[in-house]
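Peer 1: The structure under discussion is supplied below as structure tokens; questions concerning it will follow.
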Amino acid sequence: MSGTGKVAAIVDPFSTGAYLQTEFAARGWSSVAVLSTPDSPAPFGGFQHADHYLEVITGPDADQVVAALRRYPVSAAIPGAETGVPFADELAERLGLPGNGIARSASRRDKHEMAKALVCHGVRAPETIATADPESMVSWADERNLWPIVVKPPGSAGSDGVTFCATQAQAHAAFGHLYRRSHRYGGRNDLVLAQELLAGRQYIVNTVSVNGHHYVAEIWEDMRRPAAGGVAYDVEKLVTPDGEPQEVVARYVSQVLDALGIAWGPAHSEVMLTSSGPVLIETGARMSGAFLPDSVRAATGSNHVTLTVDCYTDPARLAALVGRPYPVRRQLWDVTLIAPYDGRLAADGALAELHGLPTLHDVIGDLSPGRPVSRTVDLHTAPAGLYLIADDAAELHRDYARIRYLEANGLYIPAAAGR
């Protein structure tokens, strides 16, 4: 394909953001990689495929990065991962590109600021406090009769550091575990966040916005479970866009995006549909992480990556989709493995059967025989994610049950057994 001469600046092209360069190239665009800091956060590993980019520019000096980008016909500056959101906001504003601006940038990264922004715009948000004092957190929960509460870092993701606390002692312990310690995305927890524990059905809503209008790309029913003091991802089920729960959640997310000032680009929102209506857990102003685009494309015909690139390369095409329901051509589930202890994957038997499941479409992560695994306490410690696809949901139920059976019967070898 002949080039358009246009260039995308991708800030922190990690996780799902690593797919952006290829998709932009398919539209005739070149890409520059911008690293918001010299060291990539631990969950993402090292930066790969540097040779696929015109240049790799390293921050955090915004003046230097802007000067370097001005050497190219940059037409988009977008985050590839959660860590790149604030820097992408700043670069887009300084370069005069479509973006979300810096005025509400903090509310798109810090969960306390996020909740405050929603309240200021008349959108329901969870009761929230961010504090450097555990006694203030406990008093806040006592005064509002909120027990149990959720304690977590203000700026991380992937259930990192999330703890459910039913008592003051548990809250103090969770606070001590987080305060002034680094989270998985490279920042430090100078404050600790506490929120009311929301009950109901959890959903993930992936959107792409164009000039203030929001297209719902996917809605997933999201099931998680307590695990080893943390929160393990269980299964995410792609649902159809029609039906009252989905439509209620989609309308609410549109209000959330407006409140957070998200007018351009992707967003990944987690929402609890409670008995009194939807309440935001968090929104990331970036694409969904831990995500396999080919599997979603097989189910819907597009995915969060292709639609994000459409937003910048062909905004009229994306704008024409706004208000239209996304198609669901096949049933798709994302099943996350949950290791009950530190150890390693089996060399054969259960692992071979896992690879041979009839509905298995793709795997995110490494399922090599003998690979070490850690006890699963969040998304980052999960051994792998399995994308299952079928025409009949009964097939997915069958293979999901088999996955959990294999996990309990031979898929993992405890660390002590390997000595």
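We name chains A, B, ... following the order of the structure tokens; residues begin at 1 in each chain, and ligands are numbered from 1 as shown.
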Near Arg375 of chain A, within 6 Å and counting only C-alpha atoms, which residues show up once chain neighbours fewer than 2 positions away are dropped, as a list in words?
Peer 2: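 Contacts, in chain order: Ala339, Pro340, Tyr341 and Asp342 of chain A.
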Peer 1: Using 8 Å as the limit and counting only C-alpha atoms, can you tabulate each residue of segment 26-99 of chain A that touches segment 264-271 of chain A, with its shortest atom-to-atom distance in Å and the two atoms involved, as a tab-separated table?
Peer 2:
```
residue	atom	partner	partner_atom	distance
A:Ile78	CA	A:Gly265	CA	7.5
A:Pro98	CA	A:Trp264	CA	6.6
A:Gly99	CA	A:Trp264	CA	5.3
```
Peer 1: Near Pro293 of chain A, counting only C-alpha atoms, which residues have an atom at most 8 Å away, once you skip same-chain residues fewer than 3 positions from it, shown as a list of chain:residue names?
Peer 2: A:Val296, A:Arg297, A:Asn303, A:His304, A:Val305
Peer 1: For those residues, write C-alpha atoms to a file as a PDB file, in the first residue's frame.
Peer 2:
```
ATOM      1  CA  VAL A 296     -12.715 -10.140  18.656  1.00  0.00           C
ATOM      2  CA  ARG A 297     -12.610  -9.464  14.917  1.00  0.00           C
ATOM      3  CA  ASN A 303     -12.124  -4.686  17.310  1.00  0.00           C
ATOM      4  CA  HIS A 304     -10.904  -1.960  19.643  1.00  0.00           C
ATOM      5  CA  VAL A 305      -7.665  -1.585  17.663  1.00  0.00           C
TER       6      VAL A 305
END
```
Peer 1: Rounded to one decimal in Å, what is the spacing between atom CA of Lys6 of chain A and atom CA of Glu23 of chain A?
Peer 2: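 Atom CA of Glu23 of chain A lies 13.4 Å from atom CA of Lys6 of chain A.
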Peer 1: With a distance cut-off of 8 Å and only C-alpha atoms, select the neighbouring residues of His213 of chain A, excluding the residue or stretch itself and same-chain residues fewer than 6 positions from it, and output the selection as JSON, numbers by chain.
Peer 2: {"A": [263, 319, 322]}
Peer 1: Output the selection as a compact mmCIF listing (two decimals), in the first residue's frame - all heavy atoms for each residue.
Peer 2:
```
# COMPACT_ATOMS: atom_id res chain seq x y z
N ALA A 263 -13.31 12.91 24.27
CA ALA A 263 -13.97 13.27 23.01
C ALA A 263 -13.37 12.56 21.82
O ALA A 263 -14.00 12.46 20.77
CB ALA A 263 -13.89 14.78 22.79
N ALA A 319 -17.68 7.95 12.66
CA ALA A 319 -18.83 8.76 13.03
C ALA A 319 -20.14 8.16 12.50
O ALA A 319 -21.18 8.26 13.14
CB ALA A 319 -18.65 10.19 12.52
N VAL A 322 -21.71 5.61 14.93
CA VAL A 322 -22.24 6.03 16.23
C VAL A 322 -23.75 5.87 16.26
O VAL A 322 -24.47 6.29 15.36
CB VAL A 322 -21.84 7.50 16.51
CG1 VAL A 322 -22.53 8.01 17.77
CG2 VAL A 322 -20.33 7.62 16.65
```
Peer 1: Between atom CA of Phe14 of chain A and atom CA of Val65 of chain A, what distance in Å does the model show, to one decimal?
Peer 2: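 Taking atom CA of Phe14 of chain A as the start and atom CA of Val65 of chain A as the end point, the length is 18.3 Å.
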Peer 1: Where in segment 180-252 of chain A does DSSP assign helix (DSSP H, G or I), given as a PyMOL selection string?
Peer 2: chain A and resi 244-252
Peer 1: Keeping only all heavy atoms, write the selected residues to a file as a compact mmCIF listing (two decimals), in the first residue's frame.
Peer 2:
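Result file part.txt:
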```
# COMPACT_ATOMS: atom_id res chain seq x y z
N GLU A 244 -32.12 -4.56 27.85
CA GLU A 244 -32.17 -3.45 28.80
C GLU A 244 -30.86 -3.28 29.59
O GLU A 244 -30.36 -2.14 29.70
CB GLU A 244 -33.34 -3.62 29.77
CG GLU A 244 -33.47 -2.44 30.73
CD GLU A 244 -34.68 -2.56 31.64
OE1 GLU A 244 -35.44 -3.54 31.48
OE2 GLU A 244 -34.86 -1.68 32.50
N PRO A 245 -30.24 -4.35 30.15
CA PRO A 245 -29.01 -4.10 30.91
C PRO A 245 -27.92 -3.43 30.07
O PRO A 245 -27.30 -2.46 30.50
CB PRO A 245 -28.59 -5.50 31.37
CG PRO A 245 -29.84 -6.31 31.32
CD PRO A 245 -30.62 -5.76 30.18
N GLN A 246 -27.72 -3.95 28.86
CA GLN A 246 -26.67 -3.40 28.01
C GLN A 246 -26.96 -1.95 27.63
O GLN A 246 -26.05 -1.10 27.63
CB GLN A 246 -26.51 -4.26 26.75
CG GLN A 246 -26.09 -5.69 27.00
CD GLN A 246 -27.26 -6.64 27.11
OE1 GLN A 246 -28.17 -6.42 27.93
NE2 GLN A 246 -27.27 -7.67 26.29
N GLU A 247 -28.21 -1.67 27.28
CA GLU A 247 -28.55 -0.31 26.86
C GLU A 247 -28.43 0.68 28.02
O GLU A 247 -27.97 1.81 27.84
CB GLU A 247 -29.96 -0.31 26.28
CG GLU A 247 -30.05 -1.07 24.95
CD GLU A 247 -31.47 -1.30 24.49
OE1 GLU A 247 -32.40 -0.84 25.19
OE2 GLU A 247 -31.66 -1.94 23.42
N VAL A 248 -28.80 0.26 29.22
CA VAL A 248 -28.67 1.12 30.40
C VAL A 248 -27.20 1.41 30.67
O VAL A 248 -26.80 2.55 30.92
CB VAL A 248 -29.32 0.45 31.63
CG1 VAL A 248 -28.91 1.15 32.92
CG2 VAL A 248 -30.84 0.45 31.49
N VAL A 249 -26.38 0.37 30.61
CA VAL A 249 -24.95 0.54 30.87
C VAL A 249 -24.30 1.41 29.80
O VAL A 249 -23.47 2.28 30.10
CB VAL A 249 -24.27 -0.85 30.96
CG1 VAL A 249 -22.76 -0.71 30.94
CG2 VAL A 249 -24.71 -1.57 32.23
N ALA A 250 -24.67 1.21 28.54
CA ALA A 250 -24.09 2.00 27.45
C ALA A 250 -24.43 3.48 27.59
O ALA A 250 -23.57 4.35 27.38
CB ALA A 250 -24.57 1.46 26.10
N ARG A 251 -25.68 3.79 27.95
CA ARG A 251 -26.06 5.20 28.14
C ARG A 251 -25.27 5.82 29.29
O ARG A 251 -24.82 6.97 29.20
CB ARG A 251 -27.57 5.31 28.41
CG ARG A 251 -28.44 5.12 27.19
CD ARG A 251 -29.86 5.60 27.45
NE ARG A 251 -30.51 4.86 28.52
CZ ARG A 251 -31.22 3.74 28.34
NH1 ARG A 251 -31.37 3.25 27.12
NH2 ARG A 251 -31.79 3.13 29.36
N TYR A 252 -25.12 5.08 30.35
CA TYR A 252 -24.37 5.57 31.49
C TYR A 252 -22.90 5.83 31.12
O TYR A 252 -22.34 6.88 31.48
CB TYR A 252 -24.45 4.57 32.64
CG TYR A 252 -23.56 4.89 33.81
CD1 TYR A 252 -23.90 5.85 34.75
CD2 TYR A 252 -22.35 4.21 33.98
CE1 TYR A 252 -23.08 6.14 35.83
CE2 TYR A 252 -21.51 4.49 35.05
CZ TYR A 252 -21.89 5.45 35.97
OH TYR A 252 -21.05 5.74 37.03
```
Peer 1: Write out as a ChimeraX atom specification the residues lying within 7 Å of Val216 of chain A, counting only C-alpha atoms and excluding same-chain residues fewer than 3 positions away.
Peer 2: /A:206-208
Peer 1: Using DSSP secondary structure from the backbone, list all strand (DSSP E) positions within segment 110-254 of chain A, as a PyMOL selection string.
Peer 2: chain A and resi 128-131+149-152+163-165+192-196+201-210+213-227+230-239
Peer 1: Could you save the residues just selected, with N, CA and C atoms, as a compact mmCIF listing (two decimals), in the first residue's frame?
Peer 2:
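The result, stored in selection.txt:
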```
# COMPACT_ATOMS: atom_id res chain seq x y z
N THR A 128 -15.95 7.66 47.55
CA THR A 128 -14.51 7.50 47.37
C THR A 128 -13.74 8.44 48.29
N ILE A 129 -12.62 7.95 48.79
CA ILE A 129 -11.67 8.80 49.51
C ILE A 129 -10.26 8.39 49.11
N ALA A 130 -9.37 9.37 49.01
CA ALA A 130 -7.95 9.12 48.81
C ALA A 130 -7.21 9.82 49.93
N THR A 131 -6.37 9.09 50.66
CA THR A 131 -5.79 9.65 51.87
C THR A 131 -4.42 9.06 52.16
N ILE A 149 -15.43 -2.29 52.45
CA ILE A 149 -14.95 -1.33 51.48
C ILE A 149 -13.88 -1.98 50.60
N VAL A 150 -13.54 -1.28 49.51
CA VAL A 150 -12.47 -1.72 48.62
C VAL A 150 -11.30 -0.77 48.78
N VAL A 151 -10.12 -1.30 49.00
CA VAL A 151 -8.91 -0.49 49.13
C VAL A 151 -7.98 -0.83 47.97
N LYS A 152 -7.43 0.21 47.31
CA LYS A 152 -6.60 -0.04 46.13
C LYS A 152 -5.75 1.19 45.81
N THR A 163 -8.03 -4.86 47.42
CA THR A 163 -8.33 -5.68 48.60
C THR A 163 -9.71 -5.34 49.12
N PHE A 164 -10.51 -6.38 49.40
CA PHE A 164 -11.82 -6.20 50.02
C PHE A 164 -11.63 -6.24 51.53
N CYS A 165 -12.11 -5.21 52.23
CA CYS A 165 -11.89 -5.09 53.66
C CYS A 165 -13.23 -5.00 54.39
N VAL A 192 -3.66 6.40 49.31
CA VAL A 192 -4.36 5.12 49.15
C VAL A 192 -5.84 5.42 48.94
N LEU A 193 -6.44 4.71 48.01
CA LEU A 193 -7.84 4.92 47.64
C LEU A 193 -8.74 3.91 48.34
N ALA A 194 -9.87 4.38 48.84
CA ALA A 194 -10.91 3.49 49.36
C ALA A 194 -12.23 3.86 48.71
N GLN A 195 -13.02 2.85 48.39
CA GLN A 195 -14.33 3.06 47.78
C GLN A 195 -15.34 2.12 48.39
N GLU A 196 -16.60 2.51 48.24
CA GLU A 196 -17.67 1.59 48.64
C GLU A 196 -17.59 0.33 47.78
N ARG A 201 -24.04 -6.85 38.86
CA ARG A 201 -23.46 -7.51 37.69
C ARG A 201 -22.46 -6.56 37.05
N GLN A 202 -21.25 -7.06 36.82
CA GLN A 202 -20.20 -6.20 36.30
C GLN A 202 -20.09 -6.31 34.79
N TYR A 203 -19.85 -5.15 34.15
CA TYR A 203 -19.71 -5.11 32.70
C TYR A 203 -18.45 -4.35 32.31
N ILE A 204 -17.91 -4.70 31.17
CA ILE A 204 -16.86 -3.95 30.50
C ILE A 204 -17.46 -3.34 29.24
N VAL A 205 -17.21 -2.05 29.03
CA VAL A 205 -17.70 -1.38 27.84
C VAL A 205 -16.50 -0.74 27.14
N ASN A 206 -16.20 -1.21 25.95
CA ASN A 206 -15.13 -0.63 25.14
C ASN A 206 -15.75 0.32 24.11
N THR A 207 -15.22 1.53 24.08
CA THR A 207 -15.77 2.56 23.20
C THR A 207 -14.65 3.22 22.41
N VAL A 208 -15.05 3.90 21.33
CA VAL A 208 -14.15 4.79 20.61
C VAL A 208 -14.96 6.06 20.32
N SER A 209 -14.36 7.20 20.65
CA SER A 209 -15.05 8.48 20.51
C SER A 209 -14.47 9.28 19.35
N VAL A 210 -15.34 9.98 18.65
CA VAL A 210 -14.91 10.82 17.54
C VAL A 210 -15.62 12.16 17.66
N HIS A 213 -18.55 12.25 20.07
CA HIS A 213 -19.59 11.23 19.90
C HIS A 213 -18.97 9.85 20.16
N HIS A 214 -19.74 8.99 20.83
CA HIS A 214 -19.17 7.75 21.34
C HIS A 214 -19.78 6.52 20.66
N TYR A 215 -18.92 5.69 20.12
CA TYR A 215 -19.37 4.43 19.52
C TYR A 215 -19.05 3.29 20.47
N VAL A 216 -20.05 2.50 20.81
CA VAL A 216 -19.85 1.33 21.66
C VAL A 216 -19.38 0.18 20.79
N ALA A 217 -18.14 -0.25 21.02
CA ALA A 217 -17.53 -1.29 20.19
C ALA A 217 -17.84 -2.68 20.70
N GLU A 218 -17.87 -2.82 22.03
CA GLU A 218 -18.14 -4.14 22.64
C GLU A 218 -18.66 -3.92 24.05
N ILE A 219 -19.53 -4.82 24.49
CA ILE A 219 -19.92 -4.91 25.89
C ILE A 219 -19.69 -6.35 26.33
N TRP A 220 -19.00 -6.50 27.46
CA TRP A 220 -18.69 -7.82 28.01
C TRP A 220 -19.28 -7.95 29.40
N GLU A 221 -19.89 -9.08 29.69
CA GLU A 221 -20.23 -9.39 31.08
C GLU A 221 -18.95 -9.90 31.74
N ASP A 222 -18.57 -9.28 32.85
CA ASP A 222 -17.26 -9.49 33.46
C ASP A 222 -17.42 -10.16 34.82
N MET A 223 -16.89 -11.35 34.94
CA MET A 223 -17.00 -12.10 36.20
C MET A 223 -15.63 -12.27 36.82
N ARG A 224 -15.53 -11.88 38.09
CA ARG A 224 -14.29 -12.01 38.84
C ARG A 224 -14.58 -12.70 40.16
N ARG A 225 -13.53 -13.14 40.83
CA ARG A 225 -13.71 -13.84 42.09
C ARG A 225 -12.57 -13.51 43.05
N PRO A 226 -12.86 -13.48 44.35
CA PRO A 226 -11.77 -13.30 45.32
C PRO A 226 -10.78 -14.46 45.19
N ALA A 227 -9.49 -14.15 45.33
CA ALA A 227 -8.46 -15.19 45.20
C ALA A 227 -7.22 -14.77 45.97
N GLY A 230 -6.62 -11.30 46.84
CA GLY A 230 -6.76 -10.35 45.75
C GLY A 230 -8.03 -10.60 44.98
N VAL A 231 -8.03 -10.20 43.72
CA VAL A 231 -9.19 -10.38 42.85
C VAL A 231 -8.72 -11.02 41.55
N ALA A 232 -9.21 -12.21 41.27
CA ALA A 232 -8.84 -12.92 40.04
C ALA A 232 -9.91 -12.70 38.98
N TYR A 233 -9.46 -12.48 37.76
CA TYR A 233 -10.38 -12.43 36.63
C TYR A 233 -10.80 -13.87 36.33
N ASP A 234 -12.10 -14.07 36.10
CA ASP A 234 -12.64 -15.40 35.85
C ASP A 234 -12.97 -15.56 34.36
N VAL A 235 -14.05 -14.94 33.92
CA VAL A 235 -14.44 -15.05 32.52
C VAL A 235 -15.15 -13.76 32.08
N GLU A 236 -14.85 -13.32 30.88
CA GLU A 236 -15.54 -12.20 30.26
C GLU A 236 -16.31 -12.74 29.06
N LYS A 237 -17.60 -12.42 29.00
CA LYS A 237 -18.47 -12.95 27.95
C LYS A 237 -18.96 -11.79 27.08
N LEU A 238 -18.65 -11.83 25.80
CA LEU A 238 -19.16 -10.83 24.88
C LEU A 238 -20.68 -10.98 24.79
N VAL A 239 -21.39 -9.88 25.01
CA VAL A 239 -22.85 -9.93 24.95
C VAL A 239 -23.33 -9.10 23.77
```
Peer 1: My list of candidates is A:Pro79, A:Val138, A:Gln48, A:Ala125. Which is closest to Glu113 of chain A when distances are computed with only C-alpha atoms?
Peer 2: A:Ala125
Peer 1: Pick out the closest residue to Arg371 of chain A from this set: A:Leu118, A:Ala316, A:Leu337, A:Ala347. Count only C-alpha atoms.
Peer 2: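 Of A:Leu118, A:Ala316, A:Leu337, A:Ala347, the one nearest Arg371 of chain A is A:Ala347, counting only C-alpha atoms.
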Peer 1: Can you list, as an MDAnalysis selection string, every protein, DNA or RNA residue that comes within 9 Å of Val363 of chain A when you count only C-alpha atoms, leaving out same-chain residues fewer than 3 positions away?
Peer 2: chainID A and resid 292 360 366:367 384:387
Peer 1: Tell me which protein, DNA and RNA residues are within 12 Å of Arg404 of chain A, counting only C-alpha atoms, leaving out same-chain ones fewer than 2 positions away, and put them as JSON, numbers by chain.
Peer 2: {"A": [234, 235, 335, 336, 337, 338, 339, 340, 350, 354, 386, 397, 398, 399, 400, 401, 402, 406, 407, 408, 409, 410, 411, 412]}
Peer 1: Report, in Å to a single decimal, how far apart atom CA of Leu321 of chain A and atom CA of Ile364 of chain A are.
Peer 2: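 Pair atom CA of Ile364 of chain A / atom CA of Leu321 of chain A returns 28.9 Å.
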Peer 1: Select, from A:Pro13, A:Gly176, A:Pro86, A:Pro383, the residue with the minimum atom-to-atom distance to Arg104 of chain A, counting only C-alpha atoms.
Peer 2: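 Selected residue with least distance to Arg104 of chain A: A:Pro86.
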Peer 1: I'd like to know which of A:Asp89, A:Asp362, A:Asp334, A:Glu135 is closest to Ala169 of chain A, using only C-alpha atoms.
Peer 2: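 For Ala169 of chain A, the nearest of the candidates is A:Glu135.
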Peer 1: Using only C-alpha atoms, which of A:Leu69, A:Val56, A:Ala290, A:Val85 sits nearest Thr16 of chain A?
Peer 2: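 Of A:Leu69, A:Val56, A:Ala290, A:Val85, the one nearest Thr16 of chain A is A:Ala290, counting only C-alpha atoms.
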Peer 1: With only C-alpha atoms as the atoms that count, which of A:Val279, A:Thr167, A:Ala259, A:Tyr19 lies nearest to Asp294 of chain A?
Peer 2: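 Going through A:Val279, A:Thr167, A:Ala259, A:Tyr19 one by one, the smallest distance to Asp294 of chain A is for A:Tyr19.
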